[in-house]
>>> print(open('coords_38.pdb').read())   # PDB, C-alpha atoms, pLDDT in the B column
ATOM      1  CA  MET W   1      -9.309  -5.770  22.668  1.00 64.00           C
ATOM      2  CA  PRO W   2     -12.431  -4.681  24.573  1.00 67.00           C
ATOM      3  CA  THR W   3     -12.387  -1.102  23.272  1.00 71.00           C
ATOM      4  CA  GLY W   4     -10.529   1.239  20.957  1.00 77.00           C
ATOM      5  CA  ASN W   5      -9.885   1.724  17.267  1.00 83.00           C
ATOM      6  CA  ALA W   6      -8.112  -1.625  16.859  1.00 88.00           C
ATOM      7  CA  ARG W   7     -11.241  -3.525  17.920  1.00 87.00           C
ATOM      8  CA  MET W   8     -13.396  -1.375  15.653  1.00 88.00           C
ATOM      9  CA  LEU W   9     -11.161  -2.061  12.631  1.00 92.00           C
ATOM     10  CA  LEU W  10     -11.138  -5.806  13.325  1.00 92.00           C
ATOM     11  CA  GLU W  11     -14.926  -5.783  13.510  1.00 91.00           C
ATOM     12  CA  CYS W  12     -15.031  -3.898  10.182  1.00 92.00           C
ATOM     13  CA  ALA W  13     -12.823  -6.525   8.558  1.00 94.00           C
ATOM     14  CA  MET W  14     -14.886  -9.377   9.998  1.00 93.00           C
ATOM     15  CA  LEU W  15     -18.154  -7.868   8.737  1.00 92.00           C
ATOM     16  CA  CYS W  16     -16.721  -7.325   5.243  1.00 93.00           C
ATOM     17  CA  LEU W  17     -15.564 -10.947   5.107  1.00 93.00           C
ATOM     18  CA  ILE W  18     -18.573 -12.784   6.597  1.00 91.00           C
ATOM     19  CA  CYS W  19     -21.268 -10.731   4.866  1.00 90.00           C
ATOM     20  CA  PRO W  20     -23.149 -12.911   2.328  1.00 91.00           C
ATOM     21  CA  THR W  21     -23.312 -12.276  -1.407  1.00 91.00           C
ATOM     22  CA  ALA W  22     -25.584  -9.568  -2.794  1.00 87.00           C
ATOM     23  CA  SER W  23     -28.691 -10.608  -4.709  1.00 81.00           C
ATOM     24  CA  ALA W  24     -27.533  -8.363  -7.576  1.00 81.00           C
ATOM     25  CA  ALA W  25     -24.360 -10.420  -8.113  1.00 87.00           C
ATOM     26  CA  GLY W  26     -26.115 -12.504 -10.752  1.00 84.00           C
ATOM     27  CA  VAL W  27     -26.888  -9.416 -12.840  1.00 83.00           C
ATOM     28  CA  ILE W  28     -23.230  -8.393 -13.092  1.00 87.00           C
ATOM     29  CA  THR W  29     -22.082 -11.990 -13.578  1.00 89.00           C
ATOM     30  CA  GLU W  30     -24.405 -12.396 -16.559  1.00 87.00           C
ATOM     31  CA  LYS W  31     -23.338  -9.055 -18.055  1.00 86.00           C
ATOM     32  CA  LEU W  32     -19.685 -10.087 -17.780  1.00 89.00           C
ATOM     33  CA  GLY W  33     -20.293 -13.476 -19.393  1.00 88.00           C
ATOM     34  CA  GLY W  34     -20.095 -15.602 -16.248  1.00 89.00           C
ATOM     35  CA  ASN W  35     -22.247 -18.491 -15.079  1.00 90.00           C
ATOM     36  CA  LEU W  36     -25.542 -17.014 -13.875  1.00 87.00           C
ATOM     37  CA  ALA W  37     -26.915 -20.329 -12.580  1.00 87.00           C
ATOM     38  CA  GLY W  38     -23.760 -20.985 -10.566  1.00 89.00           C
ATOM     39  CA  THR W  39     -23.851 -17.512  -9.019  1.00 89.00           C
ATOM     40  CA  VAL W  40     -27.521 -17.792  -8.067  1.00 86.00           C
ATOM     41  CA  THR W  41     -26.945 -21.241  -6.537  1.00 88.00           C
ATOM     42  CA  TYR W  42     -24.049 -19.958  -4.448  1.00 90.00           C
ATOM     43  CA  LEU W  43     -26.062 -16.840  -3.563  1.00 89.00           C
ATOM     44  CA  VAL W  44     -28.898 -18.911  -2.093  1.00 86.00           C
ATOM     45  CA  MET W  45     -26.556 -21.290  -0.263  1.00 89.00           C
ATOM     46  CA  ILE W  46     -24.344 -18.595   1.306  1.00 91.00           C
ATOM     47  CA  ASN W  47     -27.260 -16.452   2.448  1.00 88.00           C
ATOM     48  CA  LEU W  48     -29.018 -19.418   4.044  1.00 87.00           C
ATOM     49  CA  ALA W  49     -25.748 -20.491   5.678  1.00 90.00           C
ATOM     50  CA  GLY W  50     -25.149 -16.946   6.929  1.00 88.00           C
ATOM     51  CA  THR W  51     -28.601 -16.850   8.489  1.00 88.00           C
ATOM     52  CA  PHE W  52     -27.559 -19.653  10.850  1.00 89.00           C
ATOM     53  CA  LEU W  53     -23.805 -19.048  11.190  1.00 88.00           C
ATOM     54  CA  ILE W  54     -23.749 -15.294  11.858  1.00 88.00           C
ATOM     55  CA  PRO W  55     -25.871 -15.670  15.048  1.00 87.00           C
ATOM     56  CA  LEU W  56     -23.116 -17.953  16.367  1.00 85.00           C
ATOM     57  CA  VAL W  57     -20.537 -15.197  15.861  1.00 84.00           C
ATOM     58  CA  ILE W  58     -22.470 -12.280  17.361  1.00 82.00           C
ATOM     59  CA  PRO W  59     -22.291 -13.406  21.037  1.00 81.00           C
ATOM     60  CA  MET W  60     -18.585 -14.215  20.644  1.00 81.00           C
ATOM     61  CA  VAL W  61     -17.757 -10.730  19.390  1.00 80.00           C
ATOM     62  CA  ASN W  62     -20.356  -8.856  21.429  1.00 75.00           C
ATOM     63  CA  PRO W  63     -20.706 -10.608  24.826  1.00 70.00           C
ATOM     64  CA  SER W  64     -23.326  -8.071  25.923  1.00 67.00           C
ATOM     65  CA  ALA W  65     -25.717  -9.428  23.287  1.00 66.00           C
ATOM     66  CA  THR W  66     -28.614 -10.840  25.270  1.00 70.00           C
ATOM     67  CA  MET W  67     -30.954 -12.279  22.652  1.00 74.00           C
ATOM     68  CA  GLY W  68     -31.087 -16.009  22.037  1.00 77.00           C
ATOM     69  CA  PHE W  69     -29.795 -17.824  18.971  1.00 78.00           C
ATOM     70  CA  TRP W  70     -33.200 -18.259  17.331  1.00 81.00           C
ATOM     71  CA  THR W  71     -34.059 -14.601  17.912  1.00 85.00           C
ATOM     72  CA  TYR W  72     -30.971 -13.592  15.946  1.00 83.00           C
ATOM     73  CA  VAL W  73     -31.839 -16.132  13.254  1.00 85.00           C
ATOM     74  CA  GLY W  74     -35.316 -14.639  12.995  1.00 86.00           C
ATOM     75  CA  HIS W  75     -33.986 -11.078  12.699  1.00 84.00           C
ATOM     76  CA  ILE W  76     -31.507 -12.028   9.981  1.00 84.00           C
ATOM     77  CA  ALA W  77     -34.030 -14.194   8.148  1.00 83.00           C
ATOM     78  CA  LEU W  78     -36.403 -11.209   7.958  1.00 83.00           C
ATOM     79  CA  LYS W  79     -33.639  -9.312   6.135  1.00 80.00           C
ATOM     80  CA  VAL W  80     -32.785 -12.206   3.788  1.00 78.00           C
ATOM     81  CA  PHE W  81     -36.267 -13.544   2.982  1.00 79.00           C
ATOM     82  CA  PRO W  82     -37.805 -10.518   1.158  1.00 79.00           C
ATOM     83  CA  VAL W  83     -34.835  -9.951  -1.178  1.00 71.00           C
ATOM     84  CA  LEU W  84     -33.744 -13.534  -1.807  1.00 72.00           C
ATOM     85  CA  VAL W  85     -36.067 -16.361  -0.778  1.00 73.00           C
ATOM     86  CA  LEU W  86     -39.397 -14.766  -1.683  1.00 79.00           C
ATOM     87  CA  PRO W  87     -38.344 -13.722  -5.237  1.00 78.00           C
ATOM     88  CA  GLY W  88     -36.881 -17.203  -5.769  1.00 75.00           C
ATOM     89  CA  LEU W  89     -40.091 -18.897  -4.669  1.00 79.00           C
ATOM     90  CA  LEU W  90     -42.137 -16.613  -6.905  1.00 84.00           C
ATOM     91  CA  ALA W  91     -39.837 -17.318  -9.872  1.00 79.00           C
ATOM     92  CA  TRP W  92     -40.074 -21.083  -9.388  1.00 79.00           C
ATOM     93  CA  THR W  93     -43.861 -20.893  -8.983  1.00 86.00           C
ATOM     94  CA  ILE W  94     -44.238 -18.910 -12.211  1.00 84.00           C
ATOM     95  CA  ARG W  95     -41.861 -21.223 -14.063  1.00 79.00           C
ATOM     96  CA  TYR W  96     -43.804 -24.379 -13.263  1.00 82.00           C
ATOM     97  CA  THR W  97     -47.378 -23.064 -13.230  1.00 87.00           C
ATOM     98  CA  THR W  98     -47.815 -20.207 -15.714  1.00 84.00           C
ATOM     99  CA  HIS W  99     -45.630 -20.754 -18.770  1.00 79.00           C
ATOM    100  CA  ARG W 100     -47.207 -17.900 -20.715  1.00 81.00           C
ATOM    101  CA  LEU W 101     -46.378 -15.412 -17.961  1.00 83.00           C
ATOM    102  CA  GLN W 102     -42.860 -16.842 -17.737  1.00 80.00           C
ATOM    103  CA  ARG W 103     -42.257 -16.311 -21.462  1.00 80.00           C
ATOM    104  CA  SER W 104     -43.593 -12.768 -21.174  1.00 81.00           C
ATOM    105  CA  LEU W 105     -41.325 -11.955 -18.233  1.00 79.00           C
ATOM    106  CA  MET W 106     -38.268 -13.449 -19.939  1.00 78.00           C
ATOM    107  CA  ARG W 107     -38.538 -10.750 -22.615  1.00 78.00           C
ATOM    108  CA  TRP W 108     -37.760  -8.228 -19.890  1.00 76.00           C
ATOM    109  CA  SER W 109     -34.860 -10.093 -18.285  1.00 70.00           C
ATOM    110  CA  SER W 110     -32.273  -7.658 -19.655  1.00 69.00           C
ATOM    111  CA  ASN W 111     -33.892  -4.897 -17.610  1.00 72.00           C
ATOM    112  CA  SER W 112     -32.498  -6.484 -14.454  1.00 69.00           C
ATOM    113  CA  PHE W 113     -29.409  -4.361 -15.097  1.00 69.00           C
ATOM    114  CA  TYR W 114     -31.449  -1.205 -14.540  1.00 77.00           C
ATOM    115  CA  VAL W 115     -32.970  -2.674 -11.384  1.00 75.00           C
ATOM    116  CA  TRP W 116     -29.375  -3.178 -10.221  1.00 70.00           C
ATOM    117  CA  GLY W 117     -28.780   0.505 -10.983  1.00 73.00           C
ATOM    118  CA  VAL W 118     -31.627   1.474  -8.653  1.00 79.00           C
ATOM    119  CA  GLY W 119     -30.225  -0.851  -6.006  1.00 72.00           C
ATOM    120  CA  LEU W 120     -26.804   0.745  -6.442  1.00 70.00           C
ATOM    121  CA  THR W 121     -28.311   4.191  -5.881  1.00 77.00           C
ATOM    122  CA  LEU W 122     -29.952   3.025  -2.664  1.00 76.00           C
ATOM    123  CA  ALA W 123     -26.688   1.437  -1.508  1.00 69.00           C
ATOM    124  CA  MET W 124     -24.830   4.694  -2.079  1.00 71.00           C
ATOM    125  CA  ILE W 125     -27.497   6.539  -0.063  1.00 77.00           C
ATOM    126  CA  LEU W 126     -26.943   4.092   2.802  1.00 69.00           C
ATOM    127  CA  ALA W 127     -23.183   4.568   2.466  1.00 66.00           C
ATOM    128  CA  THR W 128     -23.449   8.351   2.633  1.00 73.00           C
ATOM    129  CA  ARG W 129     -25.822   8.258   5.589  1.00 74.00           C
ATOM    130  CA  ALA W 130     -23.621   5.834   7.532  1.00 68.00           C
ATOM    131  CA  LEU W 131     -20.584   8.048   6.963  1.00 71.00           C
ATOM    132  CA  MET W 132     -22.352  11.320   7.824  1.00 76.00           C
ATOM    133  CA  GLU W 133     -23.877   9.918  11.017  1.00 74.00           C
ATOM    134  CA  SER W 134     -20.657   8.304  12.246  1.00 70.00           C
ATOM    135  CA  CYS W 135     -19.076  11.520  13.615  1.00 74.00           C
ATOM    136  CA  LEU W 136     -15.653   9.883  13.263  1.00 76.00           C
ATOM    137  CA  GLY W 137     -12.344  11.668  13.145  1.00 80.00           C
ATOM    138  CA  ALA W 138      -9.940  11.583  10.211  1.00 82.00           C
ATOM    139  CA  ALA W 139      -7.750   8.763  11.571  1.00 85.00           C
ATOM    140  CA  PRO W 140     -10.544   6.222  12.245  1.00 86.00           C
ATOM    141  CA  ILE W 141     -12.143   6.978   8.876  1.00 86.00           C
ATOM    142  CA  ALA W 142      -8.790   6.480   7.146  1.00 91.00           C
ATOM    143  CA  GLY W 143      -8.422   3.144   8.943  1.00 92.00           C
ATOM    144  CA  ILE W 144     -11.892   1.978   7.884  1.00 92.00           C
ATOM    145  CA  VAL W 145     -11.181   3.077   4.298  1.00 91.00           C
ATOM    146  CA  LEU W 146      -8.002   0.980   4.211  1.00 95.00           C
ATOM    147  CA  VAL W 147      -9.662  -2.054   5.811  1.00 95.00           C
ATOM    148  CA  SER W 148     -12.677  -1.975   3.466  1.00 94.00           C
ATOM    149  CA  VAL W 149     -10.482  -1.501   0.370  1.00 95.00           C
ATOM    150  CA  PHE W 150      -8.235  -4.388   1.410  1.00 96.00           C
ATOM    151  CA  CYS W 151     -11.176  -6.735   2.125  1.00 96.00           C
ATOM    152  CA  CYS W 152     -12.793  -5.851  -1.196  1.00 95.00           C
ATOM    153  CA  PHE W 153      -9.569  -6.432  -3.136  1.00 95.00           C
ATOM    154  CA  LEU W 154      -8.805  -9.652  -1.244  1.00 96.00           C
ATOM    155  CA  GLN W 155     -12.189 -11.237  -1.960  1.00 95.00           C
ATOM    156  CA  PHE W 156     -12.403 -10.309  -5.636  1.00 94.00           C
ATOM    157  CA  PHE W 157      -8.777 -11.372  -6.140  1.00 93.00           C
ATOM    158  CA  THR W 158      -9.229 -14.679  -4.277  1.00 94.00           C
ATOM    159  CA  GLY W 159     -12.460 -15.458  -6.126  1.00 92.00           C
ATOM    160  CA  ARG W 160     -10.892 -14.833  -9.525  1.00 90.00           C
ATOM    161  CA  ARG W 161      -8.074 -17.284  -8.654  1.00 89.00           C
ATOM    162  CA  LEU W 162     -10.335 -20.167  -7.610  1.00 85.00           C
ATOM    163  CA  GLY W 163     -10.893 -21.686 -11.050  1.00 75.00           C
ATOM    164  CA  ALA W 164     -10.797 -21.374 -14.800  1.00 77.00           C
ATOM    165  CA  ASP W 165     -13.953 -19.230 -14.737  1.00 85.00           C
ATOM    166  CA  LYS W 166     -12.663 -16.046 -13.133  1.00 86.00           C
ATOM    167  CA  ILE W 167     -15.863 -14.030 -13.325  1.00 91.00           C
ATOM    168  CA  THR W 168     -18.351 -16.265 -11.488  1.00 92.00           C
ATOM    169  CA  PRO W 169     -16.389 -16.997  -8.273  1.00 92.00           C
ATOM    170  CA  GLY W 170     -15.001 -13.453  -8.267  1.00 92.00           C
ATOM    171  CA  GLN W 171     -18.457 -11.890  -8.224  1.00 93.00           C
ATOM    172  CA  ALA W 172     -19.859 -14.514  -5.852  1.00 92.00           C
ATOM    173  CA  LEU W 173     -17.134 -13.936  -3.292  1.00 92.00           C
ATOM    174  CA  GLY W 174     -16.500 -10.226  -3.772  1.00 93.00           C
ATOM    175  CA  GLN W 175     -19.919  -8.650  -4.321  1.00 92.00           C
ATOM    176  CA  LYS W 176     -21.494  -8.246  -0.888  1.00 91.00           C
ATOM    177  CA  ASN W 177     -24.942  -7.371   0.400  1.00 87.00           C
ATOM    178  CA  THR W 178     -23.719  -4.074   1.822  1.00 85.00           C
ATOM    179  CA  GLY W 179     -27.154  -2.985   3.032  1.00 81.00           C
ATOM    180  CA  PHE W 180     -27.210  -6.096   5.226  1.00 85.00           C
ATOM    181  CA  LEU W 181     -23.612  -5.380   6.273  1.00 87.00           C
ATOM    182  CA  ILE W 182     -24.567  -1.860   7.404  1.00 83.00           C
ATOM    183  CA  TRP W 183     -27.601  -3.173   9.302  1.00 84.00           C
ATOM    184  CA  LEU W 184     -25.564  -5.920  10.981  1.00 86.00           C
ATOM    185  CA  GLY W 185     -22.805  -3.538  12.089  1.00 85.00           C
ATOM    186  CA  TYR W 186     -25.187  -0.863  13.365  1.00 80.00           C
ATOM    187  CA  ASN W 187     -27.375  -3.247  15.357  1.00 81.00           C
ATOM    188  CA  TYR W 188     -25.009  -5.892  16.711  1.00 83.00           C
ATOM    189  CA  MET W 189     -21.430  -4.560  16.571  1.00 83.00           C
ATOM    190  CA  THR W 190     -19.784  -1.255  17.365  1.00 79.00           C
ATOM    191  CA  PRO W 191     -22.230   1.041  15.497  1.00 78.00           C
ATOM    192  CA  VAL W 192     -19.543   2.930  13.584  1.00 82.00           C
ATOM    193  CA  THR W 193     -18.588  -0.329  11.831  1.00 86.00           C
ATOM    194  CA  SER W 194     -21.619   0.285   9.607  1.00 83.00           C
ATOM    195  CA  VAL W 195     -19.427   2.814   7.789  1.00 85.00           C
ATOM    196  CA  ALA W 196     -17.353  -0.102   6.468  1.00 89.00           C
ATOM    197  CA  GLY W 197     -20.424  -1.426   4.689  1.00 86.00           C
ATOM    198  CA  GLY W 198     -21.028   1.910   3.026  1.00 82.00           C
ATOM    199  CA  LEU W 199     -17.425   2.199   1.881  1.00 87.00           C
ATOM    200  CA  TYR W 200     -17.370  -1.420   0.666  1.00 91.00           C
ATOM    201  CA  ALA W 201     -20.388  -0.581  -1.493  1.00 86.00           C
ATOM    202  CA  ILE W 202     -18.354   2.159  -3.151  1.00 85.00           C
ATOM    203  CA  TRP W 203     -15.311  -0.015  -3.832  1.00 91.00           C
ATOM    204  CA  GLN W 204     -17.215  -3.039  -5.159  1.00 90.00           C
ATOM    205  CA  ASN W 205     -19.304  -0.921  -7.502  1.00 85.00           C
ATOM    206  CA  LEU W 206     -16.282   0.959  -8.787  1.00 88.00           C
ATOM    207  CA  PHE W 207     -14.724  -2.435  -9.541  1.00 91.00           C
ATOM    208  CA  ASN W 208     -17.935  -3.657 -11.197  1.00 89.00           C
ATOM    209  CA  SER W 209     -18.100  -0.512 -13.327  1.00 87.00           C
ATOM    210  CA  TRP W 210     -14.482  -1.010 -14.390  1.00 89.00           C
ATOM    211  CA  GLU W 211     -15.155  -4.652 -15.309  1.00 90.00           C
ATOM    212  CA  LEU W 212     -18.233  -3.693 -17.354  1.00 87.00           C
ATOM    213  CA  TYR W 213     -16.214  -1.020 -19.158  1.00 87.00           C
ATOM    214  CA  ARG W 214     -13.478  -3.536 -20.006  1.00 86.00           C
ATOM    215  CA  LYS W 215     -16.116  -5.986 -21.249  1.00 84.00           C
ATOM    216  CA  GLN W 216     -17.603  -3.361 -23.572  1.00 82.00           C
ATOM    217  CA  HIS W 217     -14.198  -2.007 -24.693  1.00 77.00           C
ATOM    218  CA  PRO W 218     -11.895  -5.065 -24.813  1.00 77.00           C
ATOM    219  CA  GLY W 219      -9.141  -3.240 -26.667  1.00 68.00           C
ATOM    220  CA  LYS W 220      -8.648  -0.584 -24.006  1.00 63.00           C
TER     221      LYS W 220
END
>>> encode(input="coords_38.pdb", output="C-alpha cells")
Amino acid sequence: MPTGNARMLLECAMLCLICPTASAAGVITEKLGGNLAGTVTYLVMINLAGTFLIPLVIPMVNPSATMGFWTYVGHIALKVFPVLVLPGLLAWTIRYTTHRLQRSLMRWSSNSFYVWGVGLTLAMILATRALMESCLGAAPIAGIVLVSVFCCFLQFFTGRRLGADKITPGQALGQKNTGFLIWLGYNYMTPVTSVAGGLYAIWQNLFNSWELYRKQHPGK
C-alpha cells in the first residue's frame, strides 16, 4: 500500500502500538494502588529498547528515509534522555549521595500527580495542534479516531489480563508517550499520522480519569 488512506491508518495503528510507555505512567499506577517500582522498571526497559528497535522499523515503513541507523538512534535518544534517563540518573545520584536532600524531596512525592496534570495539559495542546494542522477530511479523521480508540482499548485490556495485578501491566502497556508518538509520526511517517498520537492522548487520559474516579468512589 504505497499511498492512500489504508496505508495512513496502518501507520497510525503501528505508531500507537510500538510507542513506548509514558514517563507519567508511574504516577497513575501509584495512585491506583499498583506496583510503582515494576512500572518504572518496565518504563526504563521499554524506552531503551524502543530507542534501538524503532530505527529498524522506520526504513521498512518509509523506504525514502535516508539517514543511517545510528542517526535515528541519536534523534530518538535525544527525545528519551531528557524526560527519562536524566531524571533517573539524578534521582539515583541524590539517593546515594545526599540523604538529607532525598528525605526532603520525598515529602513532596505526592505532588507528582500535579506534575502529571501539567504534562496532560501539554499533551492536549499537542493533540489539538496536530488535529488543527492536519487539514483532513471527515472520513480520514473518523478512521484515525476508530484506529486510535481500538489501539488504546486493546493495550489497556491486554495489559490488565496479563497477571493477577491488573493495574501495573495495564498502565505500563496502555499509557503511551503521546508527545513522542506525535513527533515520530510527523517526522518519519506520513505526517498526518501525528493526529493519532493526539487522539490517543485523549482516550488514555479519559480512561485514567475514569480509573481514578472509580478508585476514589469504589461504590459507584
>>> closest_residue(input="coords_38.pdb", among="W:Leu212, W:Val115, W:Val44, W:Ile58", to="Leu89 (chain W)", atoms="only C-alpha atoms")
W:Val44
>>> closest_atom_pairs(input="coords_38.pdb", of="region 153-185 of chain W", to="region 47-56 of chain W", cutoff="12 Å", atoms="all atoms listed in the file", output="JSON lines")
{"residue": "W:Ala172", "atom": "CA", "partner": "W:Asn47", "partner_atom": "CA", "distance": 11.3}
{"residue": "W:Leu173", "atom": "CA", "partner": "W:Asn47", "partner_atom": "CA", "distance": 11.9}
{"residue": "W:Lys176", "atom": "CA", "partner": "W:Asn47", "partner_atom": "CA", "distance": 10.6}
{"residue": "W:Asn177", "atom": "CA", "partner": "W:Asn47", "partner_atom": "CA", "distance": 9.6}
{"residue": "W:Phe180", "atom": "CA", "partner": "W:Asn47", "partner_atom": "CA", "distance": 10.7}
{"residue": "W:Leu181", "atom": "CA", "partner": "W:Ile54", "partner_atom": "CA", "distance": 11.4}
{"residue": "W:Leu184", "atom": "CA", "partner": "W:Ile54", "partner_atom": "CA", "distance": 9.6}
{"residue": "W:Gly185", "atom": "CA", "partner": "W:Ile54", "partner_atom": "CA", "distance": 11.8}
>>> atom_distance(input="coords_38.pdb", atom1="CA of Gly38 (chain W)", atom2="CA of Thr168 (chain W)")
7.2 Å
>>> residues_around(input="coords_38.pdb", residues="region 198-203 of chain W", least_positions_apart="4", cutoff="12 Å", atoms="only C-alpha atoms", output="NGL selection string")
:W and (12-13 or 15-17 or 19 or 22 or 119-134 or 141-156 or 174-183 or 185-186 or 192-194 or 207-210)
>>> atom_distance(input="coords_38.pdb", atom1="CA of Pro191 (chain W)", atom2="CA of Pro82 (chain W)")
24.1 Å
>>> residues_around(input="coords_38.pdb", residues="Asn111 (chain W)", least_positions_apart="6", cutoff="12 Å", atoms="all atoms listed in the file", output="PyMOL selection string")
chain W and resi 27+31+105+117-118
>>> atom_distance(input="coords_38.pdb", atom1="CA of Met14 (chain W)", atom2="CA of Val195 (chain W)")
13.2 Å
>>> build_atoms(input="coords_38.pdb", residues="region 99-126 of chain W", atoms="N, CA and C atoms", output="compact mmCIF listing (two decimals), keeping the file's coordinate frame")
# COMPACT_ATOMS: atom_id res chain seq x y z
N HIS W 99 -46.68 -20.84 -17.76
CA HIS W 99 -45.63 -20.75 -18.77
C HIS W 99 -45.79 -19.51 -19.64
N ARG W 100 -47.01 -19.10 -19.90
CA ARG W 100 -47.21 -17.90 -20.72
C ARG W 100 -46.65 -16.66 -20.01
N LEU W 101 -46.92 -16.54 -18.72
CA LEU W 101 -46.38 -15.41 -17.96
C LEU W 101 -44.87 -15.48 -17.90
N GLN W 102 -44.32 -16.69 -17.76
CA GLN W 102 -42.86 -16.84 -17.74
C GLN W 102 -42.23 -16.34 -19.03
N ARG W 103 -42.81 -16.75 -20.17
CA ARG W 103 -42.26 -16.31 -21.46
C ARG W 103 -42.35 -14.79 -21.60
N SER W 104 -43.43 -14.22 -21.10
CA SER W 104 -43.59 -12.77 -21.17
C SER W 104 -42.55 -12.05 -20.32
N LEU W 105 -42.30 -12.59 -19.12
CA LEU W 105 -41.32 -11.96 -18.23
C LEU W 105 -39.91 -12.11 -18.76
N MET W 106 -39.62 -13.22 -19.42
CA MET W 106 -38.27 -13.45 -19.94
C MET W 106 -37.87 -12.41 -20.98
N ARG W 107 -38.85 -11.81 -21.65
CA ARG W 107 -38.54 -10.75 -22.62
C ARG W 107 -37.96 -9.52 -21.93
N TRP W 108 -38.21 -9.40 -20.64
CA TRP W 108 -37.76 -8.23 -19.89
C TRP W 108 -36.55 -8.53 -19.02
N SER W 109 -35.95 -9.70 -19.19
CA SER W 109 -34.86 -10.09 -18.28
C SER W 109 -33.66 -9.16 -18.36
N SER W 110 -33.43 -8.56 -19.53
CA SER W 110 -32.27 -7.66 -19.66
C SER W 110 -32.43 -6.40 -18.81
N ASN W 111 -33.67 -6.09 -18.42
CA ASN W 111 -33.89 -4.90 -17.61
C ASN W 111 -33.43 -5.07 -16.17
N SER W 112 -33.01 -6.28 -15.81
CA SER W 112 -32.50 -6.48 -14.45
C SER W 112 -31.28 -5.60 -14.18
N PHE W 113 -30.57 -5.25 -15.26
CA PHE W 113 -29.41 -4.36 -15.10
C PHE W 113 -29.83 -3.01 -14.55
N TYR W 114 -30.97 -2.51 -15.00
CA TYR W 114 -31.45 -1.20 -14.54
C TYR W 114 -32.00 -1.29 -13.12
N VAL W 115 -32.56 -2.46 -12.77
CA VAL W 115 -32.97 -2.67 -11.38
C VAL W 115 -31.74 -2.64 -10.48
N TRP W 116 -30.64 -3.25 -10.97
CA TRP W 116 -29.38 -3.18 -10.22
C TRP W 116 -28.94 -1.73 -10.05
N GLY W 117 -29.14 -0.90 -11.08
CA GLY W 117 -28.78 0.50 -10.98
C GLY W 117 -29.54 1.22 -9.88
N VAL W 118 -30.83 0.90 -9.74
CA VAL W 118 -31.63 1.47 -8.65
C VAL W 118 -31.10 0.99 -7.31
N GLY W 119 -30.79 -0.31 -7.23
CA GLY W 119 -30.22 -0.85 -6.01
C GLY W 119 -28.90 -0.21 -5.65
N LEU W 120 -28.08 0.07 -6.66
CA LEU W 120 -26.80 0.74 -6.44
C LEU W 120 -27.02 2.14 -5.87
N THR W 121 -28.00 2.85 -6.40
CA THR W 121 -28.31 4.19 -5.88
C THR W 121 -28.70 4.13 -4.41
N LEU W 122 -29.54 3.17 -4.06
CA LEU W 122 -29.95 3.02 -2.66
C LEU W 122 -28.76 2.67 -1.77
N ALA W 123 -27.88 1.81 -2.28
CA ALA W 123 -26.69 1.44 -1.51
C ALA W 123 -25.79 2.64 -1.25
N MET W 124 -25.65 3.51 -2.26
CA MET W 124 -24.83 4.69 -2.08
C MET W 124 -25.47 5.67 -1.08
N ILE W 125 -26.82 5.71 -1.06
CA ILE W 125 -27.50 6.54 -0.06
C ILE W 125 -27.20 6.02 1.34
N LEU W 126 -27.28 4.69 1.51
CA LEU W 126 -26.94 4.09 2.80
C LEU W 126 -25.49 4.38 3.19
